[in-house]
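To keep things clear, I will list the structure first and then write my remarks on it.
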Amino acid sequence: MKKENTGNQKRSASGKACQGTFSVISLGCPKNLVDTERMCGQLSELGFRLINRLDGTDFILINTCGFIADAREESIQAVREATDLKRRGLTQRVIVVGCLAEREKEQLFQICPGIDQIIGVFAEDQVGSLVRGVLEGNGAPRSCFETSAQSSCLSGPRLRITARHVAFLKIAEGCDRNCTFCSIPAIRGRYVSRPIDELVAEAQWLAEDGARELVLVAQDTSYYGVDVTGQPQLAELLRRLDQVKGLEWIRVLYLYPTHVPEELIETIARSSRVIPYLDVPLQHIEDRILRRMNRQITRQEIEELMSRLRKGIPGLILRTTLITGFPGETEAEFQSLVEFVHRFQFERLGVFAFSPEPDTPACRLPDQIPEEVRRRRSELLLEEQQKIAFRWNQAQVGRIIDVLIDGPVPGEKSAFLGRTYAHAPDIDGHVYVTGRGLKPGQFVPCEIVAPHGYDLIAVAVGKPR
């Protein structure tokens, strides 16, 4: 994900005389994207100018993902492509940061010898000075990894690299859950909530910068505030954010299925800006597998929560993620998972075949499932979900609903890509809108006229705002 800073060609976004140019590759989740924007902000404050191409720069900054094998391979491929540009003289330095850097540390130098500097996640607040040091050749360390019992979100300036009308707000760092399949606590440390006042101030700045949709992210949003007060504070945060002028939609992702009190449900239902869309990662439904995953929740508690959410939040769109082929999962337990999906009719569903991550307890569990079985089960579950998603899409035909325009369809004069509140950015499908003169960031009343696979087709029927 690379965006150009369109300011003065001889100055950085901060207005300082240009000290050099850089490009950025941000991989992985929206949480990583927020970190990327903060690191770009640091570099801009030092006078470095972000441009939208990889070749011809002084350095390339790559924020990597190290969560699962596919993500690690994508990150390594991106690093290799960048070091190849360096070998050909099209960039001078390659700087690698983020989760893969933290996970692999100096071993990355052996995997990709062309790397100039590796910076771990706890040292990202020093990226400006570290990168400047390696560019100046003043003996700066080739790698920097800080140890911290508690991590904290990056603070300071933020240079946005995404569309102006959508912004992510990272409300916490780290995770205390210790699910047996997940390496995030080892990479990112303990859970640390950001202060509410600080988050509200950032949300106000984002709104003033053009954001109309604000997406709340953390490894676990429902746990927000528990590390500080012992009680969840997400409801209070949402009430404060609901007062921020300029925002139209506030969306909550990664809501772990514990610490969801009635206060939170009522807050979402009564809010004028918090939309009825929740991403609640469940991973499985069978108690034995949930215990093996160390999810700290039971099937009964999950089903009760789903019912409370549906009952308490009118028009709710529910997204979840599930894992197939977890060690020990029997065919009967998998079929139970399929039946659960059929019963609860999730509007949005992501399915992952279990990935045995090194150094996680799940990797050492007995009764590992063969990869072909894990993948076959994920495909079968997705086939079931496709029927649900297509039926839901068909049921939208004839509705008139606001669509947030993301941009034009390439090569088309009167066709635009947009989303309803039921479509999270970069995760769910699109709405193809026929209209004239529409612009990114506008809300347009549209009539849904047809389904198109996982997407919708609509016609603008009202004035944009």
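Chain identifiers are assigned as A, B, and so on, following the order in which chains appear in the structure tokens; residues are numbered from 1 within each chain, and ligands are numbered from 1 in order of appearance.
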
(message) Quick one: residues within 10 Å of Val166 (chain A), only C-alpha atoms, excluding same-chain residues fewer than 3 positions away - as an MDAnalysis selection string?
(response) chainID A and resid 162:163 206:207 210:215 247 249 404 406 425 440:441

(request) From a DSSP calculation on the backbone, collect every residue of region 119-207 of chain A in helix (DSSP H, G or I) and output the set as number ranges by chain. (result) A: 121-136, 184-188, 196-207

(request) Skip Gln243 (chain A) itself and residues of its chain fewer than 4 positions away, then list as a list in words all residues within 12 Å of it, counting only C-alpha atoms. (result)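 Result of the neighbour search: Val200, Ala201, Ala203, Gln204, Ala207, Glu236, Leu237, Leu238, Arg239, Leu247, Glu248, Trp249, Ile250, Ser271, Ser272, Arg273 and Val274 of chain A.
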
How close does region 338-386 of chain A get to region 309-326 of chain A? List, as a tab-separated table, each residue of region 338-386 of chain A within 6 Å, its nearest atom pair and the distance in Å to one decimal, counting only C-alpha atoms.
```
residue	atom	partner	partner_atom	distance
A:Phe346	CA	A:Leu318	CA	5.6
A:Glu347	CA	A:Leu318	CA	5.7
A:Arg348	CA	A:Arg319	CA	4.3
A:Leu349	CA	A:Thr320	CA	5.1
A:Gly350	CA	A:Thr321	CA	4.5
A:Val351	CA	A:Leu322	CA	5.0
A:Phe352	CA	A:Ile323	CA	4.9
A:Ala353	CA	A:Thr324	CA	4.9
A:Phe354	CA	A:Phe326	CA	5.5
A:Ile369	CA	A:Gly325	CA	5.8
A:Arg374	CA	A:Gly325	CA	4.3
A:Ser378	CA	A:Thr324	CA	5.6
```

For those residues, write C-alpha atoms to a file as a PDB file, in the first residue's frame.
```
ATOM      1  CA  PHE A 346     -23.509 -14.545   9.600  1.00  0.00           C
ATOM      2  CA  GLU A 347     -23.661 -11.844   6.950  1.00  0.00           C
ATOM      3  CA  ARG A 348     -19.856 -11.890   6.736  1.00  0.00           C
ATOM      4  CA  LEU A 349     -17.520 -14.786   7.424  1.00  0.00           C
ATOM      5  CA  GLY A 350     -13.811 -15.428   7.005  1.00  0.00           C
ATOM      6  CA  VAL A 351     -12.468 -18.984   7.152  1.00  0.00           C
ATOM      7  CA  PHE A 352      -8.855 -19.978   7.704  1.00  0.00           C
ATOM      8  CA  ALA A 353      -7.367 -23.437   7.499  1.00  0.00           C
ATOM      9  CA  PHE A 354      -5.292 -23.933  10.657  1.00  0.00           C
ATOM     10  CA  ILE A 369      -4.704 -32.616  10.944  1.00  0.00           C
ATOM     11  CA  ARG A 374      -7.647 -28.594   6.842  1.00  0.00           C
ATOM     12  CA  SER A 378     -12.230 -24.577   4.941  1.00  0.00           C
TER      13      SER A 378
END
```

(message) Residues within 12 Å of Thr229 (chain A), please, as a PyMOL selection string. Count only C-alpha atoms; anything in the same chain fewer than 6 positions from it doesn't count.
(response) chain A and resi 192-193+195+223

Next, write the just-selected residues to a file, as a short mmCIF file (atom, residue, chain, number, x, y, z; two decimals), in the first residue's frame, keeping N, CA and C atoms as the atom set.
```cif
data_model
loop_
_atom_site.label_atom_id
_atom_site.label_comp_id
_atom_site.auth_asym_id
_atom_site.auth_seq_id
_atom_site.Cartn_x
_atom_site.Cartn_y
_atom_site.Cartn_z
N VAL A 192 -2.12 -2.96 26.16
CA VAL A 192 -2.03 -1.61 26.71
C VAL A 192 -3.05 -0.72 26.01
N SER A 193 -4.01 -0.20 26.77
CA SER A 193 -5.02 0.70 26.22
C SER A 193 -4.48 2.11 26.12
N PRO A 195 -5.16 6.17 26.28
CA PRO A 195 -6.09 7.01 27.04
C PRO A 195 -7.24 7.51 26.16
N TYR A 223 -11.61 -5.72 25.04
CA TYR A 223 -10.78 -5.69 26.26
C TYR A 223 -10.34 -4.27 26.61
#
```

(message) Restricting the calculation to only C-alpha atoms: of A:Lys31, A:Arg72, A:Lys86, A:Arg299, which residue gets closest to Gly174 (chain A)?
(response) A:Lys31

(request) May I ask which of the residues A:Trp392, A:Arg103, A:Ile25, A:Ser414 is the closest one to Glu74 (chain A), counting only C-alpha atoms? (result)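 Checking each candidate against Glu74 (chain A), we get A:Ile25 as the closest.
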
(request) Using only C-alpha atoms, find the one residue out of A:Leu290, A:Leu382, A:Val461, A:Cys179 that sits nearest to Ile302 (chain A). (result)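 Closest candidate: A:Leu290.
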
Neighbouring residues of Glu173 (chain A) were defined as those with any atom within 12 Å, considering only C-alpha atoms; residues of the same chain fewer than 2 positions away were excluded. Please report them as a short mmCIF file (atom, residue, chain, number, x, y, z; two decimals) with N, CA, C and O atoms, in the first residue's frame.
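Saved as result_26.cif:
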```cif
data_model
loop_
_atom_site.label_atom_id
_atom_site.label_comp_id
_atom_site.auth_asym_id
_atom_site.auth_seq_id
_atom_site.Cartn_x
_atom_site.Cartn_y
_atom_site.Cartn_z
N LYS A 31 -4.05 -2.54 11.80
CA LYS A 31 -3.25 -2.11 12.94
C LYS A 31 -1.83 -1.78 12.48
O LYS A 31 -1.22 -0.81 12.92
N ASN A 32 -1.31 -2.62 11.59
CA ASN A 32 0.01 -2.37 11.01
C ASN A 32 0.01 -1.09 10.19
O ASN A 32 0.99 -0.34 10.18
N VAL A 34 -1.75 1.62 10.67
CA VAL A 34 -1.65 2.78 11.56
C VAL A 34 -0.20 3.00 11.98
O VAL A 34 0.30 4.14 12.00
N ASP A 35 0.50 1.92 12.33
CA ASP A 35 1.92 2.04 12.69
C ASP A 35 2.73 2.61 11.53
O ASP A 35 3.63 3.45 11.73
N VAL A 121 9.32 -4.16 16.64
CA VAL A 121 8.10 -3.38 16.89
C VAL A 121 8.25 -2.45 18.10
O VAL A 121 7.65 -1.37 18.14
N PHE A 122 9.04 -2.82 19.09
CA PHE A 122 9.19 -1.97 20.27
C PHE A 122 10.18 -0.82 20.04
O PHE A 122 10.35 0.03 20.91
N GLN A 150 5.67 -4.35 28.72
CA GLN A 150 4.42 -3.76 28.24
C GLN A 150 4.73 -2.90 27.04
O GLN A 150 5.57 -2.02 27.08
N SER A 151 4.00 -3.17 25.95
CA SER A 151 4.17 -2.36 24.76
C SER A 151 3.16 -1.23 24.77
O SER A 151 2.19 -1.26 25.50
N SER A 152 3.39 -0.23 23.98
CA SER A 152 2.43 0.86 23.87
C SER A 152 2.34 1.27 22.42
O SER A 152 3.26 1.07 21.64
N CYS A 153 1.20 1.84 22.05
CA CYS A 153 1.01 2.29 20.68
C CYS A 153 1.98 3.42 20.35
O CYS A 153 2.32 4.23 21.21
N LEU A 154 2.41 3.44 19.11
CA LEU A 154 3.20 4.57 18.65
C LEU A 154 2.40 5.86 18.80
O LEU A 154 1.20 5.89 18.58
N SER A 155 3.06 6.93 19.16
CA SER A 155 2.41 8.23 19.26
C SER A 155 3.17 9.20 18.37
O SER A 155 4.10 8.83 17.68
N LEU A 169 -8.37 3.90 13.63
CA LEU A 169 -7.96 4.40 14.94
C LEU A 169 -7.56 3.20 15.80
O LEU A 169 -8.40 2.37 16.17
N LYS A 170 -6.27 3.11 16.10
CA LYS A 170 -5.76 2.00 16.91
C LYS A 170 -5.91 2.35 18.38
O LYS A 170 -5.26 3.26 18.87
N ILE A 171 -6.77 1.61 19.09
CA ILE A 171 -7.12 1.99 20.45
C ILE A 171 -6.27 1.29 21.51
O ILE A 171 -6.31 1.68 22.68
N CYS A 175 -1.74 -7.98 23.38
CA CYS A 175 -2.85 -8.88 23.68
C CYS A 175 -2.52 -9.72 24.91
O CYS A 175 -1.39 -10.17 25.07
N ASP A 176 -3.54 -9.91 25.76
CA ASP A 176 -3.37 -10.74 26.96
C ASP A 176 -4.03 -12.11 26.84
O ASP A 176 -4.12 -12.84 27.82
N ILE A 184 0.79 -13.46 18.38
CA ILE A 184 0.76 -12.02 18.58
C ILE A 184 1.24 -11.59 19.97
O ILE A 184 2.03 -10.65 20.09
N PRO A 185 0.81 -12.24 21.07
CA PRO A 185 1.32 -11.81 22.38
C PRO A 185 2.85 -11.87 22.48
O PRO A 185 3.47 -11.01 23.10
N ILE A 187 4.89 -11.46 19.98
CA ILE A 187 5.45 -10.44 19.11
C ILE A 187 5.17 -9.04 19.64
O ILE A 187 6.05 -8.18 19.67
N ARG A 188 3.93 -8.81 20.08
CA ARG A 188 3.46 -7.46 20.41
C ARG A 188 3.37 -7.15 21.89
O ARG A 188 3.12 -6.00 22.27
N GLY A 189 3.54 -8.16 22.74
CA GLY A 189 3.55 -7.88 24.17
C GLY A 189 2.18 -7.83 24.81
O GLY A 189 1.16 -8.18 24.21
N ARG A 190 2.14 -7.36 26.06
CA ARG A 190 0.92 -7.28 26.84
C ARG A 190 -0.01 -6.20 26.31
O ARG A 190 0.40 -5.27 25.64
N TYR A 191 -1.27 -6.33 26.67
CA TYR A 191 -2.29 -5.37 26.23
C TYR A 191 -2.11 -4.04 26.94
O TYR A 191 -1.98 -3.97 28.16
N VAL A 192 -2.12 -2.96 26.16
CA VAL A 192 -2.03 -1.61 26.71
C VAL A 192 -3.05 -0.72 26.01
O VAL A 192 -2.97 -0.50 24.80
N SER A 193 -4.01 -0.20 26.77
CA SER A 193 -5.02 0.70 26.22
C SER A 193 -4.48 2.11 26.12
O SER A 193 -3.76 2.58 27.00
N ARG A 194 -4.85 2.80 25.04
CA ARG A 194 -4.52 4.22 24.93
C ARG A 194 -5.54 5.04 25.70
O ARG A 194 -6.72 4.68 25.77
N PRO A 195 -5.16 6.17 26.28
CA PRO A 195 -6.09 7.01 27.04
C PRO A 195 -7.24 7.51 26.16
O PRO A 195 -7.04 7.84 24.98
N VAL A 217 -9.66 -0.28 15.72
CA VAL A 217 -8.95 -1.54 15.64
C VAL A 217 -8.06 -1.71 16.86
O VAL A 217 -7.61 -0.75 17.48
N ALA A 218 -7.83 -2.94 17.21
CA ALA A 218 -6.88 -3.39 18.23
C ALA A 218 -6.83 -4.90 18.08
O ALA A 218 -7.65 -5.48 17.36
N GLN A 219 -5.90 -5.54 18.72
CA GLN A 219 -5.92 -7.00 18.67
C GLN A 219 -7.20 -7.53 19.32
O GLN A 219 -7.71 -8.58 18.95
N ASP A 220 -7.76 -6.76 20.24
CA ASP A 220 -8.95 -7.17 20.98
C ASP A 220 -9.64 -5.89 21.47
O ASP A 220 -9.24 -5.31 22.47
N THR A 221 -10.65 -5.43 20.75
CA THR A 221 -11.27 -4.15 21.11
C THR A 221 -12.17 -4.26 22.34
O THR A 221 -12.32 -3.29 23.09
N TYR A 223 -11.61 -5.72 25.04
CA TYR A 223 -10.78 -5.69 26.26
C TYR A 223 -10.34 -4.27 26.61
O TYR A 223 -9.71 -4.05 27.65
N TYR A 224 -10.67 -3.31 25.75
CA TYR A 224 -10.20 -1.95 25.94
C TYR A 224 -10.54 -1.44 27.35
O TYR A 224 -11.68 -1.49 27.79
N GLY A 225 -9.52 -0.94 28.05
CA GLY A 225 -9.69 -0.37 29.39
C GLY A 225 -9.55 -1.34 30.53
O GLY A 225 -9.34 -0.92 31.67
N ASP A 227 -7.17 -3.36 31.23
CA ASP A 227 -5.82 -3.32 31.78
C ASP A 227 -5.61 -2.12 32.68
O ASP A 227 -4.69 -2.10 33.51
#
```

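Across the model, the gap from CA of Arg240 (chain A) to CA of Ile196 (chain A) is 8.2 Å.
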
(request) List every residue of region 344-380 of chain A that DSSP, applied to the backbone, labels as strand (DSSP E or B), and write the result as a ChimeraX atom specification. (result) /A:348-353

(message) I'd like the interatomic distance between CA of Lys105 (chain A) and CA of Asn294 (chain A), to a tenth of an Å.
(response)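 Going from CA of Lys105 (chain A) over to CA of Asn294 (chain A) covers 27.5 Å.
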
(request) Rank nothing, just name the residue among A:Gly120, A:Leu50, A:Pro157, A:Leu417 nearest to Gly66 (chain A), using only C-alpha atoms. (result) A:Gly120

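One finds CA of Ser26 (chain A) at 20.7 Å from CA of Val134 (chain A).
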
(message) I'd like to know which of A:Ser222, A:Thr420, A:Ala415, A:Ser336 is closest to Gly437 (chain A), using only C-alpha atoms.
(response) A:Ala415

(request) Compare A:Glu339, A:Val444, A:Leu456, A:Pro30 by their minimum atom-to-atom distance to Ala395 (chain A), counting only C-alpha atoms, and give me the closest one. (result)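 Nearest to Ala395 (chain A): A:Leu456.
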